[in-house]
Structure formats: C-alpha cells, structure tokens
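target.cif (mmCIF, C-alpha atoms) appears below.
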data_coords
loop_
_atom_site.label_atom_id
_atom_site.label_comp_id
_atom_site.auth_asym_id
_atom_site.auth_seq_id
_atom_site.Cartn_x
_atom_site.Cartn_y
_atom_site.Cartn_z
CA MET A 1 -54.44 -36.87 18.91
CA LYS A 2 -54.53 -35.97 22.59
CA HIS A 3 -58.33 -36.36 22.71
CA SER A 4 -58.09 -39.69 20.85
CA ALA A 5 -55.51 -40.98 23.32
CA THR A 6 -57.65 -39.89 26.25
CA ALA A 7 -60.72 -41.60 24.76
CA ALA A 8 -58.75 -44.79 24.14
CA ALA A 9 -57.49 -44.78 27.71
CA ALA A 10 -61.02 -44.30 28.99
CA LEU A 11 -62.29 -47.19 26.89
CA ALA A 12 -59.45 -49.39 28.12
CA CYS A 13 -60.30 -48.49 31.71
CA LEU A 14 -63.96 -49.37 31.15
CA ALA A 15 -62.97 -52.67 29.59
CA CYS A 16 -60.74 -53.37 32.58
CA MET A 17 -63.58 -52.59 35.00
CA GLY A 18 -65.92 -54.82 33.03
CA ALA A 19 -63.42 -57.66 33.13
CA HIS A 20 -63.35 -57.48 36.91
CA ALA A 21 -67.12 -57.02 37.40
CA GLU A 22 -68.79 -59.58 39.61
CA PRO A 23 -70.68 -62.22 37.61
CA GLY A 24 -74.45 -62.41 37.97
CA THR A 25 -75.90 -65.09 40.23
CA LEU A 26 -76.99 -67.25 37.29
CA ASP A 27 -73.53 -67.05 35.67
CA LYS A 28 -71.93 -67.82 39.02
CA ALA A 29 -74.17 -70.84 39.56
CA LYS A 30 -73.57 -72.14 36.03
CA ALA A 31 -69.81 -71.83 36.33
CA SER A 32 -69.49 -73.27 39.84
CA GLY A 33 -72.29 -75.84 39.72
CA THR A 34 -73.45 -74.64 43.14
CA ILE A 35 -75.91 -72.14 44.57
CA THR A 36 -75.79 -71.19 48.24
CA LEU A 37 -79.06 -70.64 50.11
CA ALA A 38 -79.12 -68.77 53.41
CA TYR A 39 -81.54 -69.87 56.11
CA ARG A 40 -82.54 -68.78 59.60
CA GLU A 41 -82.37 -71.21 62.52
CA SER A 42 -85.51 -70.09 64.37
CA SER A 43 -87.73 -68.01 62.05
CA ILE A 44 -90.72 -70.36 62.30
CA PRO A 45 -92.51 -71.06 59.98
CA PHE A 46 -90.50 -69.27 57.27
CA SER A 47 -87.04 -70.75 57.71
CA TYR A 48 -85.84 -72.86 60.61
CA LEU A 49 -84.18 -76.11 61.58
CA GLY A 50 -86.49 -79.12 61.68
CA ALA A 51 -86.21 -82.18 63.89
CA ASP A 52 -83.59 -83.58 61.47
CA THR A 53 -81.54 -80.35 61.94
CA LYS A 54 -82.06 -79.48 58.26
CA PRO A 55 -83.61 -76.20 57.03
CA THR A 56 -87.35 -76.24 56.42
CA GLY A 57 -90.26 -73.81 56.25
CA PHE A 58 -92.51 -71.73 54.00
CA GLY A 59 -89.75 -69.47 52.66
CA TRP A 60 -87.40 -72.42 52.32
CA GLU A 61 -89.88 -74.27 50.10
CA ILE A 62 -90.30 -71.20 47.90
CA CYS A 63 -86.52 -70.99 47.53
CA GLY A 64 -86.59 -74.67 46.54
CA ARG A 65 -88.89 -73.75 43.64
CA ILE A 66 -86.46 -70.97 42.70
CA VAL A 67 -83.57 -73.46 42.61
CA GLU A 68 -85.51 -75.63 40.16
CA GLN A 69 -85.83 -72.64 37.83
CA VAL A 70 -82.13 -71.83 38.22
CA LYS A 71 -81.34 -75.39 37.09
CA LYS A 72 -83.40 -74.85 33.94
CA ALA A 73 -82.00 -71.38 33.23
CA THR A 74 -78.38 -72.51 33.60
CA GLY A 75 -78.77 -75.95 32.04
CA ARG A 76 -77.28 -77.40 35.21
CA ALA A 77 -79.57 -80.27 36.21
CA ASP A 78 -76.70 -81.31 38.48
CA LEU A 79 -76.72 -77.99 40.35
CA GLN A 80 -75.75 -78.51 43.99
CA VAL A 81 -77.42 -76.61 46.84
CA ALA A 82 -75.16 -75.43 49.65
CA THR A 83 -76.72 -74.01 52.83
CA GLN A 84 -75.54 -71.33 55.23
CA ALA A 85 -77.13 -70.25 58.52
CA VAL A 86 -77.44 -66.47 58.88
CA THR A 87 -78.56 -64.08 61.60
CA SER A 88 -80.32 -60.73 61.53
CA GLN A 89 -76.93 -59.03 61.77
CA ASN A 90 -74.88 -60.91 59.16
CA ARG A 91 -77.47 -61.81 56.49
CA ILE A 92 -76.95 -58.67 54.38
CA PRO A 93 -73.11 -58.64 54.53
CA LEU A 94 -72.93 -62.35 53.63
CA LEU A 95 -75.22 -61.80 50.66
CA MET A 96 -73.34 -58.73 49.46
CA ASN A 97 -69.91 -60.39 49.67
CA GLY A 98 -71.06 -63.47 47.76
CA THR A 99 -70.93 -65.99 50.61
CA VAL A 100 -74.62 -66.70 49.99
CA ASP A 101 -76.64 -66.17 46.82
CA ILE A 102 -80.19 -65.83 48.15
CA GLU A 103 -81.78 -65.54 51.58
CA CYS A 104 -84.86 -67.57 52.42
CA GLY A 105 -85.99 -66.20 55.75
CA SER A 106 -88.11 -63.52 57.34
CA THR A 107 -86.47 -60.35 56.06
CA THR A 108 -88.42 -57.11 55.80
CA ASN A 109 -88.28 -55.40 52.43
CA ASN A 110 -87.72 -51.71 53.21
CA THR A 111 -86.21 -48.67 51.52
CA ALA A 112 -83.09 -48.58 53.72
CA ARG A 113 -82.14 -52.16 52.87
CA SER A 114 -82.94 -51.68 49.18
CA LYS A 115 -79.89 -49.42 48.96
CA GLN A 116 -77.72 -52.49 49.61
CA VAL A 117 -79.72 -55.48 48.35
CA ALA A 118 -82.70 -56.35 46.16
CA PHE A 119 -85.98 -58.06 47.02
CA SER A 120 -88.43 -60.30 45.23
CA VAL A 121 -92.18 -59.88 44.99
CA ASN A 122 -93.44 -59.55 48.57
CA TYR A 123 -94.63 -62.88 49.98
CA PHE A 124 -95.84 -61.99 53.48
CA TYR A 125 -97.00 -58.97 55.52
CA THR A 126 -96.64 -58.60 59.28
CA GLY A 127 -96.52 -56.06 62.13
CA THR A 128 -94.60 -55.67 65.40
CA ARG A 129 -96.45 -56.98 68.49
CA LEU A 130 -95.41 -58.24 71.92
CA LEU A 131 -94.76 -61.73 73.33
CA VAL A 132 -95.35 -61.85 77.10
CA LYS A 133 -95.91 -64.41 79.84
CA ALA A 134 -99.57 -65.44 80.13
CA GLY A 135 -101.19 -63.34 82.84
CA SER A 136 -98.71 -60.48 82.37
CA PRO A 137 -100.07 -56.98 83.08
CA VAL A 138 -98.52 -55.92 79.76
CA ARG A 139 -101.34 -55.88 77.20
CA ALA A 140 -100.31 -52.91 75.06
CA LEU A 141 -97.47 -50.44 74.45
CA ALA A 142 -98.77 -48.12 77.15
CA ASP A 143 -98.14 -50.84 79.74
CA LEU A 144 -94.39 -50.98 79.06
CA LYS A 145 -93.32 -48.03 81.24
CA GLY A 146 -90.50 -49.14 83.51
CA LYS A 147 -90.45 -52.60 81.91
CA ARG A 148 -87.69 -54.50 80.12
CA VAL A 149 -88.41 -55.09 76.44
CA VAL A 150 -86.20 -57.31 74.30
CA SER A 151 -85.89 -57.49 70.53
CA THR A 152 -83.45 -59.15 68.17
CA VAL A 153 -80.48 -56.99 67.18
CA GLY A 154 -80.29 -56.20 63.46
CA THR A 155 -84.06 -56.27 62.88
CA THR A 156 -86.37 -53.45 61.87
CA ASN A 157 -88.41 -54.26 64.99
CA PHE A 158 -85.51 -53.24 67.24
CA GLN A 159 -85.30 -49.91 65.43
CA VAL A 160 -89.08 -49.37 65.54
CA LEU A 161 -89.21 -50.06 69.28
CA ARG A 162 -86.30 -47.70 69.98
CA LYS A 163 -87.98 -44.98 67.92
CA VAL A 164 -91.44 -45.35 69.46
CA ASN A 165 -89.92 -45.47 72.96
CA ALA A 166 -88.30 -42.08 72.38
CA GLU A 167 -91.18 -40.46 70.49
CA ARG A 168 -93.89 -41.49 72.95
CA ASP A 169 -91.70 -41.27 76.06
CA LEU A 170 -92.76 -44.80 77.04
CA GLY A 171 -89.84 -45.26 79.41
CA PHE A 172 -88.98 -48.92 78.88
CA GLU A 173 -85.51 -50.46 78.82
CA LEU A 174 -84.71 -51.94 75.40
CA LEU A 175 -82.52 -55.05 75.45
CA GLY A 176 -80.85 -56.69 72.46
CA ALA A 177 -80.64 -60.44 71.82
CA LYS A 178 -78.65 -62.27 69.13
CA ASP A 179 -81.64 -64.14 67.65
CA HIS A 180 -85.37 -64.72 68.08
CA ALA A 181 -84.93 -67.87 70.16
CA GLU A 182 -82.79 -66.00 72.70
CA SER A 183 -85.29 -63.12 72.80
CA ALA A 184 -88.16 -65.51 73.58
CA LEU A 185 -86.06 -67.29 76.20
CA LEU A 186 -85.48 -64.01 78.07
CA VAL A 187 -89.27 -63.64 78.41
CA GLN A 188 -89.72 -67.26 79.45
CA GLN A 189 -87.03 -66.84 82.11
CA GLU A 190 -88.58 -63.52 83.23
CA ARG A 191 -85.40 -61.61 82.41
CA ALA A 192 -87.50 -59.48 80.05
CA ASP A 193 -91.16 -58.47 80.37
CA ALA A 194 -91.92 -58.49 76.65
CA PHE A 195 -90.39 -59.45 73.31
CA GLY A 196 -91.21 -57.11 70.42
CA MET A 197 -91.12 -58.82 67.02
CA ASP A 198 -93.14 -59.54 63.88
CA ASP A 199 -96.37 -61.10 65.06
CA ILE A 200 -96.15 -64.16 62.81
CA LEU A 201 -92.71 -65.03 64.20
CA LEU A 202 -94.10 -64.69 67.71
CA PHE A 203 -96.88 -67.14 66.82
CA GLY A 204 -94.25 -69.57 65.59
CA LEU A 205 -92.04 -69.19 68.65
CA ARG A 206 -94.99 -69.64 71.00
CA ALA A 207 -96.17 -72.73 69.14
CA SER A 208 -92.73 -74.34 69.33
CA SER A 209 -92.11 -73.50 73.01
CA PRO A 210 -92.28 -76.24 75.69
CA ASP A 211 -95.51 -74.72 77.08
CA PRO A 212 -97.38 -72.59 74.49
CA ALA A 213 -100.19 -71.82 76.95
CA ALA A 214 -97.66 -70.04 79.17
CA LEU A 215 -97.14 -67.30 76.57
CA ALA A 216 -99.44 -64.68 75.05
CA ILE A 217 -99.18 -62.31 72.06
CA VAL A 218 -100.60 -58.88 72.80
CA GLY A 219 -100.91 -55.33 71.49
CA GLU A 220 -101.93 -53.78 68.20
CA PRO A 221 -99.37 -53.98 65.35
CA LEU A 222 -97.06 -50.97 65.36
CA GLN A 223 -96.74 -51.04 61.57
CA VAL A 224 -97.33 -53.42 58.67
CA GLU A 225 -94.25 -54.46 56.71
CA PRO A 226 -93.63 -56.90 53.84
CA TYR A 227 -91.30 -59.90 53.80
CA ALA A 228 -89.54 -60.87 50.58
CA ILE A 229 -86.80 -63.14 49.32
CA MET A 230 -83.50 -61.22 49.48
CA LEU A 231 -80.94 -61.26 46.65
CA ARG A 232 -78.01 -59.23 45.43
CA LYS A 233 -78.55 -55.77 44.01
CA ASP A 234 -77.99 -54.95 40.32
CA ASP A 235 -78.62 -58.50 39.11
CA PRO A 236 -81.69 -58.04 36.85
CA ALA A 237 -81.58 -61.49 35.25
CA PHE A 238 -81.68 -63.28 38.60
CA LYS A 239 -84.30 -60.91 40.03
CA LYS A 240 -86.53 -61.60 37.03
CA LEU A 241 -86.17 -65.34 37.53
CA VAL A 242 -86.99 -65.03 41.23
CA ASP A 243 -89.94 -62.69 40.64
CA ASP A 244 -91.29 -64.87 37.84
CA THR A 245 -91.09 -67.95 40.09
CA VAL A 246 -92.93 -66.29 42.98
CA ALA A 247 -95.51 -64.79 40.61
CA ALA A 248 -96.13 -68.19 38.98
CA LEU A 249 -96.73 -69.75 42.40
CA MET A 250 -99.21 -66.99 43.27
CA LYS A 251 -101.06 -67.20 39.96
CA SER A 252 -101.30 -71.00 39.91
CA GLY A 253 -102.71 -71.42 43.42
CA GLU A 254 -99.64 -73.32 44.61
CA PHE A 255 -98.70 -70.38 46.85
CA GLU A 256 -102.02 -70.64 48.69
CA ALA A 257 -101.51 -74.39 49.10
CA LEU A 258 -98.09 -73.73 50.64
CA TYR A 259 -99.61 -71.07 52.88
CA LYS A 260 -102.24 -73.50 54.12
CA LYS A 261 -99.53 -76.09 54.79
CA TRP A 262 -97.39 -73.77 56.93
CA PHE A 263 -99.87 -71.38 58.56
CA LEU A 264 -103.16 -73.27 58.80
CA SER A 265 -102.04 -76.87 59.43
CA PRO A 266 -99.91 -78.70 62.02
CA ILE A 267 -96.21 -78.09 61.35
CA PRO A 268 -93.00 -79.64 62.65
CA PRO A 269 -91.36 -80.06 65.05
CA ARG A 270 -94.31 -80.40 67.43
CA GLY A 271 -97.28 -80.57 65.08
CA ILE A 272 -98.82 -77.32 66.33
CA ASN A 273 -101.13 -75.26 64.11
CA LEU A 274 -100.33 -71.52 64.01
CA ASN A 275 -103.90 -70.75 62.87
CA ALA A 276 -102.73 -67.58 61.11
CA PRO A 277 -105.14 -66.62 58.29
CA MET A 278 -103.78 -64.80 55.25
CA SER A 279 -103.77 -61.03 55.77
CA PRO A 280 -105.72 -58.68 53.48
CA GLU A 281 -102.40 -57.14 52.37
CA LEU A 282 -101.03 -60.52 51.27
CA ARG A 283 -104.32 -61.49 49.64
CA ASP A 284 -104.14 -58.26 47.60
CA ASN A 285 -100.54 -58.94 46.59
CA LEU A 286 -101.47 -62.29 45.06
CA LYS A 287 -102.98 -60.10 42.33
CA GLN A 288 -100.72 -57.03 42.44
CA LEU A 289 -97.41 -58.96 42.55
CA SER A 290 -95.73 -55.93 44.09
CA ASP A 291 -92.18 -55.72 45.43
CA LYS A 292 -92.87 -52.31 47.00
CA PRO A 293 -90.81 -51.80 50.17
CA ALA A 294 -91.91 -50.48 53.52
CA VAL A 295 -90.73 -46.96 54.28
#
Go ahead and express the file in the form of structure tokens.
Amino acid sequence: MKHSATAAAALACLACMGAHAEPGTLDKAKASGTITLAYRESSIPFSYLGADTKPTGFGWEICGRIVEQVKKATGRADLQVATQAVTSQNRIPLLMNGTVDIECGSTTNNTARSKQVAFSVNYFYTGTRLLVKAGSPVRALADLKGKRVVSTVGTTNFQVLRKVNAERDLGFELLGAKDHAESALLVQQERADAFGMDDILLFGLRASSPDPAALAIVGEPLQVEPYAIMLRKDDPAFKKLVDDTVAALMKSGEFEALYKKWFLSPIPPRGINLNAPMSPELRDNLKQLSDKPAV
C-alpha cells in the first residue's frame, strides 16, 4: 500500500509538472494568433532596419518563409507577426523567456549556446576579421600590439579576440561596444584602431557607411563559424518545421536566388553591392543540410 501511494503521488506530481510545461512554439502561435520575430538593427545584410525603419535582410526573408509554414501548420492564416529588436547581449534571454519566438539575425551556432537554445540548419559561414581606416598600418593580427581593438559585447568575436590576445601575447586593448554600429563608429572616429567582427558584417557596415572607401577589411579569418536561425530548445516540432523550410529553400534553388539578391546585388539603403561570393562551406551545406555547431 505504501509503495502504491508513493507511485500515485509520483504520477500526480508528473501530471502537475506536465500541466505547467511551457507550450511549444506552434501551440503558442496557434493559441495566441501571434508569432514574435526578433531582428537586429544593424546586422547588414542579414537583419537590419531599412530606409522605412522596418526590418529587412537575408535572414529576415528566410524567417518570412518560416512564418508562412507556421500559418499552414497551425491553420492560422490570420497569424499576426510581431517584431522585437534584440542585441547581442539580450537575444538569448529574450528567446528563452518567451518574449520572442525566433531570432532572424547573425547569430553563431556554437556548442556553448546550444546548451541554452536550438539552431536551424546552418545558413551562412563566416570568420573574424578586422575593419580599419583605409591606409591604417594594421593589416593583420600581428600589427595590433599597443592598439585599441573594439568588438561588440555578447558576441563570439569578442571572446575569440580576448582569447587570442592572451594566448599570443598580442598586447592590444580590447574595448566593448553595445552593437556593431557603435563598434564601427569608434573606428571611424579614430577612438579604436580596429573592429574585430564576422567579415560579412564588416562588408555590410562598410557598404552602408557615409564613405565606404575610407574603410578597409583586413587580416585572415581567425576561425570559420556558422550562422543559423535561433529558436527555443526542446521544441522538436518547431525545429523540424524550421529545418524543413530552410532545407526546402536550399533544395529548390530559392536560397541561392535570395543569396544573389542580398550578397551579389545592390541592396538598401544605399544600393551598394557587397560582392560577397558564397563560401565553399556554405556551398557544401546546400547539400549536407547540417546544423552542426562551431566548437
């Protein structure tokens, strides 16, 4: 009798826990009639504010395709899309606490973050390089001794630069900025000698600056890391929908058309072409459809 009572209590406890479990993203969207997309304000060309102050970009368009599939899966053709700006520092907490449902930006898929959140099939690969003033003596990491290097707080790039500075005894001062736009501004104002960030974001920031010719991107990539759409952990139904959507884009050729639009053609707000060919790693992943994280 004692064992039976204990078992019954355990079952009741499990039922109670289940009753209070967070609903999956699809259930949440169906019940509320809304899905909230997170965007970045200056992660050109992935997710940023256009001339109309509305989110736009490569990642943003892919998330738009995901929303269309969410409408079908939930039977909510009237599904409303709410938007929320996020930063490198608050994007993971806001996703985990349910403020946003999916992040459409330039977030690196790595093993540390995968303990807190989940990622889609990888949809870009990039490496940390340096943005400097044109004519700067800084052309590589070895030139940074005694210099001021800025990176955006909350990014993997900031961590990589801090680590390589210590391991190689490079002797530069590492500064932290709140976002990519502020980091680039510190270089433009000569308050920092270099901005270390994902090379593709540096291309975007340079292209959108008042005088692109005044800036240069230098150095060999420190490491190659994947970007992916970020979503909540332990939500297999939503992850499958997201992965299936990205995979379908890659298999159909629509992904390559979107890539050409955002990386090999003039883009808003100033109609500048990034001229950034698809990397071998991304080309391979159009076939592999991997969500493998960086270490």
* To do: Would you work out the distance separating atom CA of A:Leu95 from atom CA of A:Thr111, expressed in Å to one decimal?
  =>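 Separation of atom CA of A:Leu95 and atom CA of A:Thr111: 17.1 Å.
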* Among the residues A:Ala294, A:Ala166, A:Ala207, A:Met230, the one that comes closest to A:Ala276 [using all atoms listed in the file] ->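 Result for the nearest residue to A:Ala276: A:Ala207.
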* To do: Let me know the residues the PyMOL selection byres ((chain A and resi 23) around 12) catches in the file above, as JSON, numbers by chain.
  => {"A": [18, 19, 20, 21, 22, 24, 25, 26, 27, 28, 29, 30, 31, 32, 98, 101, 232, 234, 235, 236, 237, 238]}
* **From A:Gly176, A:Gly50, A:Pro45, A:Gly75, residue lying nearest A:Ala192 [only C-alpha atoms]** =>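 Between A:Gly176, A:Gly50, A:Pro45, A:Gly75, the residue approaching A:Ala192 most closely is A:Gly176.
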* **Chain and number of each residue from the PyMOL selection byres ((chain A and resi 105) around 10), as number ranges by chain** => A: 37-48, 57-60, 63, 86-88, 91, 102-104, 106-108, 227-230
Please dump the current selection as a PDB file, in the frame of the given file; keep C-alpha atoms.
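Result file selection_15.pdb:
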ATOM      1  CA  LEU A  37     -79.060 -70.640  50.110  1.00  0.00           C
ATOM      2  CA  ALA A  38     -79.120 -68.770  53.410  1.00  0.00           C
ATOM      3  CA  TYR A  39     -81.540 -69.870  56.110  1.00  0.00           C
ATOM      4  CA  ARG A  40     -82.540 -68.780  59.600  1.00  0.00           C
ATOM      5  CA  GLU A  41     -82.370 -71.210  62.520  1.00  0.00           C
ATOM      6  CA  SER A  42     -85.510 -70.090  64.370  1.00  0.00           C
ATOM      7  CA  SER A  43     -87.730 -68.010  62.050  1.00  0.00           C
ATOM      8  CA  ILE A  44     -90.720 -70.360  62.300  1.00  0.00           C
ATOM      9  CA  PRO A  45     -92.510 -71.060  59.980  1.00  0.00           C
ATOM     10  CA  PHE A  46     -90.500 -69.270  57.270  1.00  0.00           C
ATOM     11  CA  SER A  47     -87.040 -70.750  57.710  1.00  0.00           C
ATOM     12  CA  TYR A  48     -85.840 -72.860  60.610  1.00  0.00           C
ATOM     13  CA  GLY A  57     -90.260 -73.810  56.250  1.00  0.00           C
ATOM     14  CA  PHE A  58     -92.510 -71.730  54.000  1.00  0.00           C
ATOM     15  CA  GLY A  59     -89.750 -69.470  52.660  1.00  0.00           C
ATOM     16  CA  TRP A  60     -87.400 -72.420  52.320  1.00  0.00           C
ATOM     17  CA  CYS A  63     -86.520 -70.990  47.530  1.00  0.00           C
ATOM     18  CA  VAL A  86     -77.440 -66.470  58.880  1.00  0.00           C
ATOM     19  CA  THR A  87     -78.560 -64.080  61.600  1.00  0.00           C
ATOM     20  CA  SER A  88     -80.320 -60.730  61.530  1.00  0.00           C
ATOM     21  CA  ARG A  91     -77.470 -61.810  56.490  1.00  0.00           C
ATOM     22  CA  ILE A 102     -80.190 -65.830  48.150  1.00  0.00           C
ATOM     23  CA  GLU A 103     -81.780 -65.540  51.580  1.00  0.00           C
ATOM     24  CA  CYS A 104     -84.860 -67.570  52.420  1.00  0.00           C
ATOM     25  CA  SER A 106     -88.110 -63.520  57.340  1.00  0.00           C
ATOM     26  CA  THR A 107     -86.470 -60.350  56.060  1.00  0.00           C
ATOM     27  CA  THR A 108     -88.420 -57.110  55.800  1.00  0.00           C
ATOM     28  CA  TYR A 227     -91.300 -59.900  53.800  1.00  0.00           C
ATOM     29  CA  ALA A 228     -89.540 -60.870  50.580  1.00  0.00           C
ATOM     30  CA  ILE A 229     -86.800 -63.140  49.320  1.00  0.00           C
ATOM     31  CA  MET A 230     -83.500 -61.220  49.480  1.00  0.00           C
TER      32      MET A 230
END
With all heavy atoms as the target, complete stretch 198-209 of chain A and hand it back as an mmCIF file, in the frame of the given file.
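The resulting file, out.cif, is reproduced below:
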data_model
loop_
_atom_site.group_PDB
_atom_site.id
_atom_site.type_symbol
_atom_site.label_atom_id
_atom_site.label_comp_id
_atom_site.auth_asym_id
_atom_site.auth_seq_id
_atom_site.Cartn_x
_atom_site.Cartn_y
_atom_site.Cartn_z
ATOM 1 N N ASP A 198 -92.060 -59.303 64.833
ATOM 2 C CA ASP A 198 -93.140 -59.540 63.880
ATOM 3 C C ASP A 198 -94.103 -60.568 64.448
ATOM 4 O O ASP A 198 -93.685 -61.624 64.922
ATOM 5 C CB ASP A 198 -92.570 -60.066 62.557
ATOM 6 C CG ASP A 198 -91.670 -59.053 61.876
ATOM 7 O OD1 ASP A 198 -91.841 -57.846 62.135
ATOM 8 O OD2 ASP A 198 -90.805 -59.468 61.091
ATOM 9 N N ASP A 199 -95.397 -60.256 64.380
ATOM 10 C CA ASP A 199 -96.370 -61.100 65.060
ATOM 11 C C ASP A 199 -96.339 -62.555 64.600
ATOM 12 O O ASP A 199 -96.467 -63.479 65.407
ATOM 13 C CB ASP A 199 -97.785 -60.525 64.953
ATOM 14 C CG ASP A 199 -98.218 -60.212 63.530
ATOM 15 O OD1 ASP A 199 -97.504 -60.572 62.572
ATOM 16 O OD2 ASP A 199 -99.287 -59.588 63.371
ATOM 17 N N ILE A 200 -96.121 -62.786 63.296
ATOM 18 C CA ILE A 200 -96.150 -64.160 62.810
ATOM 19 C C ILE A 200 -94.986 -64.964 63.387
ATOM 20 O O ILE A 200 -95.125 -66.169 63.677
ATOM 21 C CB ILE A 200 -96.162 -64.210 61.274
ATOM 22 C CG1 ILE A 200 -96.445 -65.631 60.798
ATOM 23 C CG2 ILE A 200 -94.867 -63.669 60.699
ATOM 24 C CD1 ILE A 200 -97.758 -66.214 61.261
ATOM 25 N N LEU A 201 -93.835 -64.325 63.588
ATOM 26 C CA LEU A 201 -92.710 -65.030 64.200
ATOM 27 C C LEU A 201 -92.996 -65.336 65.654
ATOM 28 O O LEU A 201 -92.591 -66.384 66.173
ATOM 29 C CB LEU A 201 -91.435 -64.195 64.072
ATOM 30 C CG LEU A 201 -90.941 -63.925 62.648
ATOM 31 C CD1 LEU A 201 -89.644 -63.133 62.674
ATOM 32 C CD2 LEU A 201 -90.756 -65.228 61.886
ATOM 33 N N LEU A 202 -93.719 -64.441 66.321
ATOM 34 C CA LEU A 202 -94.100 -64.690 67.710
ATOM 35 C C LEU A 202 -95.056 -65.882 67.807
ATOM 36 O O LEU A 202 -94.946 -66.710 68.717
ATOM 37 C CB LEU A 202 -94.742 -63.441 68.321
ATOM 38 C CG LEU A 202 -93.831 -62.210 68.423
ATOM 39 C CD1 LEU A 202 -94.587 -61.050 69.073
ATOM 40 C CD2 LEU A 202 -92.567 -62.529 69.204
ATOM 41 N N PHE A 203 -95.981 -65.984 66.846
ATOM 42 C CA PHE A 203 -96.880 -67.140 66.820
ATOM 43 C C PHE A 203 -96.075 -68.431 66.676
ATOM 44 O O PHE A 203 -96.355 -69.442 67.322
ATOM 45 C CB PHE A 203 -97.894 -67.013 65.685
ATOM 46 C CG PHE A 203 -99.065 -66.129 65.994
ATOM 47 C CD1 PHE A 203 -99.213 -64.900 65.357
ATOM 48 C CD2 PHE A 203 -100.028 -66.521 66.912
ATOM 49 C CE1 PHE A 203 -100.294 -64.076 65.639
ATOM 50 C CE2 PHE A 203 -101.113 -65.703 67.200
ATOM 51 C CZ PHE A 203 -101.249 -64.478 66.565
ATOM 52 N N GLY A 204 -95.068 -68.383 65.809
ATOM 53 C CA GLY A 204 -94.250 -69.570 65.590
ATOM 54 C C GLY A 204 -93.429 -69.933 66.814
ATOM 55 O O GLY A 204 -93.333 -71.109 67.180
ATOM 56 N N LEU A 205 -92.836 -68.943 67.462
ATOM 57 C CA LEU A 205 -92.040 -69.190 68.650
ATOM 58 C C LEU A 205 -92.893 -69.721 69.798
ATOM 59 O O LEU A 205 -92.489 -70.621 70.530
ATOM 60 C CB LEU A 205 -91.319 -67.911 69.073
ATOM 61 C CG LEU A 205 -90.173 -67.479 68.152
ATOM 62 C CD1 LEU A 205 -89.798 -66.033 68.410
ATOM 63 C CD2 LEU A 205 -88.960 -68.397 68.352
ATOM 64 N N ARG A 206 -94.089 -69.155 69.942
ATOM 65 C CA ARG A 206 -94.990 -69.640 71.000
ATOM 66 C C ARG A 206 -95.389 -71.089 70.727
ATOM 67 O O ARG A 206 -95.380 -71.925 71.632
ATOM 68 C CB ARG A 206 -96.237 -68.766 71.089
ATOM 69 C CG ARG A 206 -97.182 -69.192 72.219
ATOM 70 C CD ARG A 206 -98.411 -68.306 72.301
ATOM 71 N NE ARG A 206 -99.274 -68.465 71.133
ATOM 72 C CZ ARG A 206 -100.445 -67.880 71.003
ATOM 73 N NH1 ARG A 206 -100.896 -67.074 71.961
ATOM 74 N NH2 ARG A 206 -101.172 -68.058 69.920
ATOM 75 N N ALA A 207 -95.721 -71.379 69.478
ATOM 76 C CA ALA A 207 -96.170 -72.730 69.140
ATOM 77 C C ALA A 207 -95.084 -73.770 69.371
ATOM 78 O O ALA A 207 -95.387 -74.916 69.706
ATOM 79 C CB ALA A 207 -96.623 -72.774 67.682
ATOM 80 N N SER A 208 -93.817 -73.378 69.194
ATOM 81 C CA SER A 208 -92.730 -74.340 69.330
ATOM 82 C C SER A 208 -92.124 -74.357 70.737
ATOM 83 O O SER A 208 -91.191 -75.118 70.990
ATOM 84 C CB SER A 208 -91.631 -74.026 68.316
ATOM 85 O OG SER A 208 -91.082 -72.739 68.543
ATOM 86 N N SER A 209 -92.643 -73.545 71.645
ATOM 87 C CA SER A 209 -92.110 -73.500 73.010
ATOM 88 C C SER A 209 -92.575 -74.729 73.801
ATOM 89 O O SER A 209 -93.561 -75.377 73.441
ATOM 90 C CB SER A 209 -92.566 -72.223 73.710
ATOM 91 O OG SER A 209 -93.951 -72.273 73.993
#
